[in-house]
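Text of upload07.txt, listed as compact mmCIF, C-alpha atoms:
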# COMPACT_ATOMS: atom_id res chain seq x y z
CA MET P 454 0.00 0.00 0.00
CA THR P 455 1.19 3.51 -0.76
CA LEU P 456 0.14 6.64 1.10
CA THR P 457 0.80 10.26 0.21
CA LEU P 458 1.09 13.10 2.69
CA VAL P 459 1.34 16.77 1.85
CA MET P 460 3.14 18.90 4.41
CA MET P 461 3.22 22.70 4.33
CA GLU P 462 4.39 23.80 7.78
CA ALA P 463 7.91 25.20 8.16
CA PRO P 464 10.20 23.51 10.69
CA PHE P 465 10.29 24.69 14.31
CA GLU P 466 6.83 26.25 13.98
CA ASN P 467 3.98 23.92 14.85
CA ALA P 468 3.15 20.53 16.33
CA ARG P 469 1.54 19.59 13.01
CA THR P 470 5.03 18.68 11.81
CA VAL P 471 5.52 16.25 14.66
CA THR P 472 2.10 14.69 14.10
CA ALA P 473 2.80 14.29 10.38
CA LEU P 474 6.13 12.63 11.11
CA ARG P 475 4.43 10.33 13.64
CA LEU P 476 1.96 9.29 10.93
CA ILE P 477 4.82 8.60 8.53
CA ASP P 478 6.60 6.58 11.21
CA ALA P 479 3.42 4.56 11.84
CA ALA P 480 2.99 3.95 8.10
CA ILE P 481 6.55 2.68 7.80
CA ARG P 482 6.13 0.40 10.82
CA ARG P 483 2.93 -0.96 9.21
CA GLY P 484 4.88 -1.73 6.02
CA HIS P 485 3.36 0.95 3.80
CA ASN P 486 5.22 2.94 1.17
CA VAL P 487 4.99 6.67 1.76
CA THR P 488 5.37 9.66 -0.52
CA VAL P 489 5.73 13.07 1.07
CA PHE P 490 5.26 16.23 -0.94
CA ALA P 491 6.69 19.16 0.98
CA TYR P 492 5.25 22.47 -0.07
CA GLU P 493 5.87 26.06 0.98
CA GLY P 494 7.76 26.28 4.30
CA ALA P 495 7.90 22.51 4.70
CA VAL P 496 10.67 22.33 2.10
CA ALA P 497 13.03 23.49 4.87
CA LEU P 498 12.32 20.34 6.88
CA THR P 499 15.05 18.53 4.96
CA PHE P 500 17.44 21.50 4.76
CA ALA P 501 20.86 19.97 5.37
CA ARG P 502 22.31 23.03 7.10
CA GLN P 503 20.01 22.98 10.11
CA ALA P 504 22.39 23.11 13.04
CA PRO P 505 22.22 22.54 16.78
CA HIS P 506 23.14 25.51 18.91
CA ALA P 507 24.10 26.44 22.44
CA ASN P 508 21.67 28.28 24.72
CA ALA P 509 23.50 31.22 26.26
CA VAL P 510 20.48 32.26 28.34
CA HIS P 511 20.45 28.95 30.16
CA GLY P 512 24.21 28.49 29.99
CA ARG P 513 24.04 25.23 28.11
CA THR P 514 26.37 24.01 25.37
CA ALA P 515 25.04 22.71 22.07
CA GLU P 516 25.59 19.18 23.34
CA GLU P 517 23.74 19.87 26.59
CA GLU P 518 20.94 21.60 24.71
CA ASP P 519 20.57 18.52 22.47
CA HIS P 520 18.44 20.54 20.08
CA PRO P 521 16.18 18.36 17.94
CA LEU P 522 16.46 18.92 14.21
CA PRO P 523 13.71 17.89 11.79
CA LYS P 524 16.28 16.91 9.16
CA ASP P 525 17.61 14.28 11.58
CA TRP P 526 14.13 12.97 12.33
CA ILE P 527 13.46 12.63 8.60
CA ALA P 528 16.81 10.96 8.00
CA GLY P 529 15.83 8.53 10.75
CA LEU P 530 12.52 7.81 9.01
CA MET P 531 14.35 7.21 5.74
CA SER P 532 16.67 4.80 7.50
CA ALA P 533 13.70 3.03 9.14
CA ALA P 534 11.98 2.69 5.77
CA GLN P 535 15.11 1.17 4.26
CA GLN P 536 15.40 -1.30 7.12
CA ARG P 537 11.74 -2.29 6.72
CA GLY P 538 12.08 -2.65 2.95
CA VAL P 539 9.51 0.03 2.20
CA LYS P 540 9.88 3.23 0.25
CA LEU P 541 9.82 6.72 1.70
CA GLU P 542 9.98 9.18 -1.15
CA TRP P 543 10.46 12.80 -0.12
CA ILE P 544 9.75 15.44 -2.76
CA ASN P 545 10.34 19.14 -2.13
CA CYS P 546 8.55 21.70 -4.27
CA GLY P 547 11.41 23.13 -6.33
CA LEU P 548 10.07 26.66 -6.60
CA CYS P 549 9.47 26.76 -2.85
CA VAL P 550 13.06 25.58 -2.31
CA ASP P 551 14.45 28.33 -4.54
CA GLU P 552 12.33 31.03 -2.93
CA ARG P 553 13.70 30.12 0.48
CA GLY P 554 17.26 29.32 -0.58
CA VAL P 555 17.15 25.93 1.11
CA ILE P 556 18.83 24.21 -1.81
CA GLU P 557 20.97 21.74 0.12
CA ALA P 558 18.76 18.86 1.21
CA ILE P 559 19.66 15.71 3.09
CA PRO P 560 20.21 12.57 0.98
CA GLY P 561 16.94 11.00 -0.07
CA ALA P 562 15.05 14.25 -0.57
CA ARG P 563 14.64 15.46 -4.12
CA ARG P 564 13.20 18.40 -5.98
CA GLY P 565 9.90 18.13 -7.76
CA SER P 566 6.83 20.04 -8.84
CA PRO P 567 3.10 19.94 -8.14
CA ALA P 568 2.88 17.55 -11.09
CA ASP P 569 4.79 15.05 -8.95
CA LEU P 570 2.18 15.48 -6.23
CA TRP P 571 -0.58 14.73 -8.72
CA LYS P 572 1.25 11.62 -9.93
CA ALA P 573 1.94 10.48 -6.37
CA SER P 574 -1.67 10.99 -5.36
CA GLU P 575 -2.89 9.11 -8.42
CA ALA P 576 -0.57 6.21 -7.56
CA SER P 577 -1.50 6.17 -3.88
CA ASP P 578 -4.22 4.40 -1.98
CA ASN P 579 -4.96 7.55 0.00
CA THR P 580 -3.73 11.13 0.35
CA LEU P 581 -3.77 13.49 3.31
CA VAL P 582 -3.11 17.21 2.99
CA ILE P 583 -1.93 18.87 6.19
CA GLY P 584 -2.30 22.60 5.75
CA THR P 585 -1.01 25.44 7.85
CA ARG P 586 -4.23 26.37 9.67
CA MET Q 1357 -21.94 4.68 3.11
CA GLU Q 1358 -18.61 6.46 3.08
CA GLY Q 1359 -16.03 6.48 5.83
CA TYR Q 1360 -14.47 9.72 6.99
CA LEU Q 1361 -11.48 10.39 9.21
CA LEU Q 1362 -11.20 13.96 10.41
CA PHE Q 1363 -8.16 15.26 12.27
CA GLU Q 1364 -8.85 18.09 14.71
CA SER Q 1365 -5.67 19.65 16.07
CA GLN Q 1366 -7.14 22.83 17.54
CA ASP Q 1367 -8.82 23.62 20.82
CA PRO Q 1368 -12.26 25.27 20.48
CA LEU Q 1369 -11.06 27.92 22.94
CA GLU Q 1370 -8.22 28.91 20.60
CA SER Q 1371 -10.01 28.81 17.25
CA ALA Q 1372 -13.53 29.82 16.34
CA GLN Q 1373 -13.34 27.40 13.41
CA VAL Q 1374 -13.52 24.34 15.62
CA PRO Q 1375 -17.30 24.40 16.22
CA SER Q 1376 -17.83 24.41 12.46
CA HIS Q 1377 -15.54 21.37 12.23
CA TYR Q 1378 -17.72 19.61 14.78
CA GLU Q 1379 -20.78 20.60 12.73
CA LEU Q 1380 -19.16 19.06 9.66
CA ALA Q 1381 -18.50 15.81 11.51
CA THR Q 1382 -22.07 15.72 12.80
CA ALA Q 1383 -23.54 16.48 9.38
CA LEU Q 1384 -21.48 13.74 7.75
CA LYS Q 1385 -22.70 11.31 10.39
CA LYS Q 1386 -26.32 12.37 9.98
CA ALA Q 1387 -25.93 11.79 6.23
CA GLY Q 1388 -25.31 8.13 7.01
CA ASN Q 1389 -21.52 7.98 6.95
CA ARG Q 1390 -19.06 6.41 9.34
CA VAL Q 1391 -17.19 9.31 10.90
CA THR Q 1392 -14.20 9.37 13.19
CA LEU Q 1393 -12.89 12.59 14.70
CA PHE Q 1394 -9.30 12.09 15.79
CA LEU Q 1395 -8.36 14.71 18.36
CA VAL Q 1396 -4.66 15.47 18.33
CA GLN Q 1397 -2.33 18.18 19.72
CA ASN Q 1398 -4.45 20.89 21.39
CA GLY Q 1399 -7.52 19.24 19.93
CA VAL Q 1400 -7.52 16.83 22.88
CA LEU Q 1401 -8.17 19.70 25.31
CA ALA Q 1402 -11.77 19.71 24.13
CA ALA Q 1403 -12.21 16.13 25.31
CA ARG Q 1404 -11.84 17.01 28.98
CA ARG Q 1405 -14.98 16.41 30.99
CA ALA Q 1406 -14.18 19.49 33.06
CA LEU Q 1407 -14.58 21.74 30.04
CA ARG Q 1408 -18.37 21.56 30.52
CA SER Q 1409 -18.97 22.20 26.86
CA ASP Q 1410 -21.53 20.36 24.79
CA GLY Q 1411 -19.14 20.20 21.80
CA VAL Q 1412 -17.53 16.80 22.19
CA PRO Q 1413 -20.47 15.24 24.11
CA GLY Q 1414 -22.69 16.36 21.24
CA LEU Q 1415 -20.45 14.59 18.75
CA VAL Q 1416 -20.57 11.39 20.80
CA ALA Q 1417 -24.35 11.65 21.11
CA ALA Q 1418 -24.60 12.06 17.33
CA GLY Q 1419 -22.71 8.81 16.83
CA VAL Q 1420 -19.38 10.26 15.77
CA GLU Q 1421 -16.47 8.14 16.95
CA VAL Q 1422 -14.28 10.51 18.94
CA LEU Q 1423 -10.70 9.36 19.51
CA ALA Q 1424 -8.12 11.24 21.57
CA ASP Q 1425 -4.44 10.79 20.73
CA ASP Q 1426 -2.63 9.18 23.67
CA PHE Q 1427 0.62 11.05 22.99
CA SER Q 1428 -1.14 14.45 22.96
CA LEU Q 1429 -2.95 13.55 26.18
CA ARG Q 1430 0.31 12.58 27.90
CA GLU Q 1431 2.02 15.78 26.70
CA ARG Q 1432 -0.74 17.80 28.37
CA GLY Q 1433 -1.00 15.71 31.54
CA ILE Q 1434 -4.56 14.61 30.83
CA ASN Q 1435 -5.49 11.24 32.28
CA ALA Q 1436 -8.06 9.07 30.48
CA SER Q 1437 -10.26 9.23 33.57
CA ARG Q 1438 -10.73 12.96 32.94
CA LEU Q 1439 -12.20 12.55 29.47
CA SER Q 1440 -15.81 13.08 28.49
CA PRO Q 1441 -17.89 9.88 28.40
CA GLY Q 1442 -17.66 8.15 25.05
CA VAL Q 1443 -14.25 9.55 24.10
CA LYS Q 1444 -11.75 6.75 23.51
CA VAL Q 1445 -8.00 6.98 23.91
CA ALA Q 1446 -6.26 5.93 20.69
CA THR Q 1447 -2.83 5.83 19.14
CA ILE Q 1448 -1.51 7.43 16.00
CA ASP Q 1449 -1.43 3.89 14.61
CA ASP Q 1450 -5.21 3.71 14.97
CA ALA Q 1451 -5.56 6.86 12.88
CA LEU Q 1452 -3.04 5.60 10.34
CA ASP Q 1453 -4.96 2.33 9.98
CA GLN Q 1454 -8.18 4.19 9.14
CA PHE Q 1455 -6.30 6.38 6.66
CA ALA Q 1456 -4.70 3.33 5.07
CA ALA Q 1457 -8.06 1.60 4.93
CA GLY Q 1458 -9.25 4.27 2.53
CA ARG Q 1459 -11.26 6.56 4.74
CA LYS Q 1460 -11.70 9.99 3.20
CA THR Q 1461 -9.29 11.89 5.39
CA LEU Q 1462 -9.28 15.59 6.15
CA TRP Q 1463 -7.02 17.67 8.35
CA LEU Q 1464 -9.27 20.36 9.76
Could you show the structure in this file as structure tokens?
Amino acid sequence: MTLTLVMMEAPFENARTVTALRLIDAAIRRGHNVTVFAYEGAVALTFARQAPHANAVHGRTAEEEDHPLPKDWIAGLMSAAQQRGVKLEWINCGLCVDERGVIEAIPGARRGSPADLWKASEASDNTLVIGTR
Amino acid sequence: MEGYLLFESQDPLESAQVPSHYELATALKKAGNRVTLFLVQNGVLAARRALRSDGVPGLVAAGVEVLADDFSLRERGINASRLSPGVKVATIDDALDQFAAGRKTLWL
């Protein structure tokens, strides 16, 4: 079975991102193939230059802060999919990537267009669009 | 009869749109469909019995299956014993299974 999710929320903004990633994780654990189309701010979820940082206010180092990074969560999902023998395809809207300058994506994420979303949805058993409101 | 899975991530006290989402769920149910409202994130706040709102109880009375995400409940320190009657605690896997089963799925 193949499922498509559309994500639009930028990283570090809203719990919708976490819920979407939990759904993807559940789909992988259930043995489903997943296609994600990241649109608008969500294209930064796989931006490779996300970096952990220290917290000067609380006097913690970057290691102590242990700042979670969405790119690492997604890399973990890609690894989990590979281990399970299912496919997690991650497509970033190319125009949205260019607008935001988040060109460098982690391995496994590729550029695409809304036409790819249409194709993915057509090839999927179900599609869920998670908007920003 | 169609099956619908609706995700509600907002608290009715933070968004005036939520009551219209409940109305949609109720209308779909009254039209003869199987309807599940999956409360997630701040959406689970509406499932508290102490809220004394007729929103979620009205959904349950209408026959809508109301599920509350266990992770979101734990994040907010809400014990299952504090939920409105008829609200069931569920996992994200339960929602995923309905989505994978072909339910028409909307994120509200």
### Query
Val459 (chain P): which residues within 12 Å, counting only C-alpha atoms, same-chain residues fewer than 6 positions away excluded, as a PyMOL selection string?
(chain P and resi 469-470+473-474+476-477+487-496+542-546+567+569-571+573-574+579-585) or (chain Q and resi 1462-1463)
Could you write out the selected residues, including C-alpha atoms, as a PDB file, in the frame of the given file?
ATOM      1  CA  ARG P 469       1.540  19.590  13.010  1.00  0.00           C
ATOM      2  CA  THR P 470       5.030  18.680  11.810  1.00  0.00           C
ATOM      3  CA  ALA P 473       2.800  14.290  10.380  1.00  0.00           C
ATOM      4  CA  LEU P 474       6.130  12.630  11.110  1.00  0.00           C
ATOM      5  CA  LEU P 476       1.960   9.290  10.930  1.00  0.00           C
ATOM      6  CA  ILE P 477       4.820   8.600   8.530  1.00  0.00           C
ATOM      7  CA  VAL P 487       4.990   6.670   1.760  1.00  0.00           C
ATOM      8  CA  THR P 488       5.370   9.660  -0.520  1.00  0.00           C
ATOM      9  CA  VAL P 489       5.730  13.070   1.070  1.00  0.00           C
ATOM     10  CA  PHE P 490       5.260  16.230  -0.940  1.00  0.00           C
ATOM     11  CA  ALA P 491       6.690  19.160   0.980  1.00  0.00           C
ATOM     12  CA  TYR P 492       5.250  22.470  -0.070  1.00  0.00           C
ATOM     13  CA  GLU P 493       5.870  26.060   0.980  1.00  0.00           C
ATOM     14  CA  GLY P 494       7.760  26.280   4.300  1.00  0.00           C
ATOM     15  CA  ALA P 495       7.900  22.510   4.700  1.00  0.00           C
ATOM     16  CA  VAL P 496      10.670  22.330   2.100  1.00  0.00           C
ATOM     17  CA  GLU P 542       9.980   9.180  -1.150  1.00  0.00           C
ATOM     18  CA  TRP P 543      10.460  12.800  -0.120  1.00  0.00           C
ATOM     19  CA  ILE P 544       9.750  15.440  -2.760  1.00  0.00           C
ATOM     20  CA  ASN P 545      10.340  19.140  -2.130  1.00  0.00           C
ATOM     21  CA  CYS P 546       8.550  21.700  -4.270  1.00  0.00           C
ATOM     22  CA  PRO P 567       3.100  19.940  -8.140  1.00  0.00           C
ATOM     23  CA  ASP P 569       4.790  15.050  -8.950  1.00  0.00           C
ATOM     24  CA  LEU P 570       2.180  15.480  -6.230  1.00  0.00           C
ATOM     25  CA  TRP P 571      -0.580  14.730  -8.720  1.00  0.00           C
ATOM     26  CA  ALA P 573       1.940  10.480  -6.370  1.00  0.00           C
ATOM     27  CA  SER P 574      -1.670  10.990  -5.360  1.00  0.00           C
ATOM     28  CA  ASN P 579      -4.960   7.550   0.000  1.00  0.00           C
ATOM     29  CA  THR P 580      -3.730  11.130   0.350  1.00  0.00           C
ATOM     30  CA  LEU P 581      -3.770  13.490   3.310  1.00  0.00           C
ATOM     31  CA  VAL P 582      -3.110  17.210   2.990  1.00  0.00           C
ATOM     32  CA  ILE P 583      -1.930  18.870   6.190  1.00  0.00           C
ATOM     33  CA  GLY P 584      -2.300  22.600   5.750  1.00  0.00           C
ATOM     34  CA  THR P 585      -1.010  25.440   7.850  1.00  0.00           C
TER      35      THR P 585
ATOM     36  CA  LEU Q1462      -9.280  15.590   6.150  1.00  0.00           C
ATOM     37  CA  TRP Q1463      -7.020  17.670   8.350  1.00  0.00           C
TER      38      TRP Q1463
END
### Task
Would you work out the distance separating CA of Asn467 (chain P) from CA of Glu518 (chain P), expressed in Å to one decimal?
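That distance, rounded to one decimal, is 19.8 Å.
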What are the nearest atom pairs, with distances in Å to one decimal, for all residues of chain Q that come at most 9 Å from chain P, using all atoms listed in the file, set out by chain and rising residue number as a tab-separated table?
residue	atom	partner	partner_atom	distance
Q:Ser1365	CA	P:Arg469	CA	7.8
Q:Val1396	CA	P:Thr472	CA	8.0
Q:Gln1397	CA	P:Ala468	CA	6.9
Q:Ile1448	CA	P:Leu476	CA	6.4
Q:Asp1449	CA	P:Ala479	CA	5.6
Q:Ala1451	CA	P:Leu476	CA	8.1
Q:Leu1452	CA	P:Leu476	CA	6.2
Q:Asp1453	CA	P:Ala480	CA	8.3
Q:Phe1455	CA	P:Asn579	CA	6.9
Q:Ala1456	CA	P:Asn579	CA	6.6
Q:Ala1457	CA	P:Asn579	CA	8.3
Q:Gly1458	CA	P:Asn579	CA	6.0
Q:Arg1459	CA	P:Asn579	CA	7.9
Q:Lys1460	CA	P:Asn579	CA	7.8
Q:Thr1461	CA	P:Leu581	CA	6.1
Q:Leu1462	CA	P:Leu581	CA	6.5
Q:Trp1463	CA	P:Ile583	CA	5.7
Q:Leu1464	CA	P:Arg586	CA	7.8
### Query
Which polymer residues, protein or nucleic acid, are no farther than 8 Å from (17.5, 16.7, 16.6), counting all atoms listed in the file, as a ChimeraX atom specification?
/P:505,519-526
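Shortest atom-to-atom contact with Asp1426 (chain Q) among Q:Ala1383, Q:Val1445, Q:Leu1439, Q:Leu1401: Q:Val1445, counting only C-alpha atoms.
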Can you complete the atoms of region 1360-1375 of chain Q to N, CA and C atoms and list them as a JSON list (two decimals), keeping the file's coordinate frame?
[["chain", "number", "residue", "atom", "x", "y", "z"],
["Q", 1360, "TYR", "N", -15.25, 8.48, 6.89],
["Q", 1360, "TYR", "CA", -14.47, 9.72, 6.99],
["Q", 1360, "TYR", "C", -13.59, 9.68, 8.24],
["Q", 1361, "LEU", "N", -12.39, 10.19, 8.08],
["Q", 1361, "LEU", "CA", -11.48, 10.39, 9.21],
["Q", 1361, "LEU", "C", -11.11, 11.86, 9.22],
["Q", 1362, "LEU", "N", -11.47, 12.52, 10.30],
["Q", 1362, "LEU", "CA", -11.20, 13.96, 10.41],
["Q", 1362, "LEU", "C", -10.20, 14.19, 11.54],
["Q", 1363, "PHE", "N", -9.14, 14.90, 11.24],
["Q", 1363, "PHE", "CA", -8.16, 15.26, 12.27],
["Q", 1363, "PHE", "C", -8.50, 16.66, 12.78],
["Q", 1364, "GLU", "N", -8.65, 16.78, 14.11],
["Q", 1364, "GLU", "CA", -8.85, 18.09, 14.71],
["Q", 1364, "GLU", "C", -7.67, 18.38, 15.64],
["Q", 1365, "SER", "N", -6.87, 19.36, 15.28],
["Q", 1365, "SER", "CA", -5.67, 19.65, 16.07],
["Q", 1365, "SER", "C", -5.82, 20.91, 16.91],
["Q", 1366, "GLN", "N", -6.97, 21.57, 16.83],
["Q", 1366, "GLN", "CA", -7.14, 22.83, 17.54],
["Q", 1366, "GLN", "C", -8.16, 22.70, 18.68],
["Q", 1367, "ASP", "N", -7.94, 23.53, 19.67],
["Q", 1367, "ASP", "CA", -8.82, 23.62, 20.82],
["Q", 1367, "ASP", "C", -9.94, 24.62, 20.47],
["Q", 1368, "PRO", "N", -11.19, 24.31, 20.79],
["Q", 1368, "PRO", "CA", -12.26, 25.27, 20.48],
["Q", 1368, "PRO", "C", -12.08, 26.61, 21.18],
["Q", 1369, "LEU", "N", -11.28, 26.65, 22.25],
["Q", 1369, "LEU", "CA", -11.06, 27.92, 22.94],
["Q", 1369, "LEU", "C", -9.96, 28.75, 22.27],
["Q", 1370, "GLU", "N", -9.27, 28.15, 21.30],
["Q", 1370, "GLU", "CA", -8.22, 28.91, 20.60],
["Q", 1370, "GLU", "C", -8.61, 29.23, 19.17],
["Q", 1371, "SER", "N", -9.61, 28.55, 18.63],
["Q", 1371, "SER", "CA", -10.01, 28.81, 17.25],
["Q", 1371, "SER", "C", -11.52, 28.73, 17.12],
["Q", 1372, "ALA", "N", -12.08, 29.79, 16.55],
["Q", 1372, "ALA", "CA", -13.53, 29.82, 16.34],
["Q", 1372, "ALA", "C", -13.96, 28.90, 15.21],
["Q", 1373, "GLN", "N", -13.00, 28.31, 14.51],
["Q", 1373, "GLN", "CA", -13.34, 27.40, 13.41],
["Q", 1373, "GLN", "C", -13.76, 26.03, 13.93],
["Q", 1374, "VAL", "N", -13.32, 25.70, 15.14],
["Q", 1374, "VAL", "CA", -13.52, 24.34, 15.62],
["Q", 1374, "VAL", "C", -15.00, 23.94, 15.69],
["Q", 1375, "PRO", "N", -15.89, 24.81, 16.21],
["Q", 1375, "PRO", "CA", -17.30, 24.40, 16.22],
["Q", 1375, "PRO", "C", -17.84, 24.05, 14.83]]
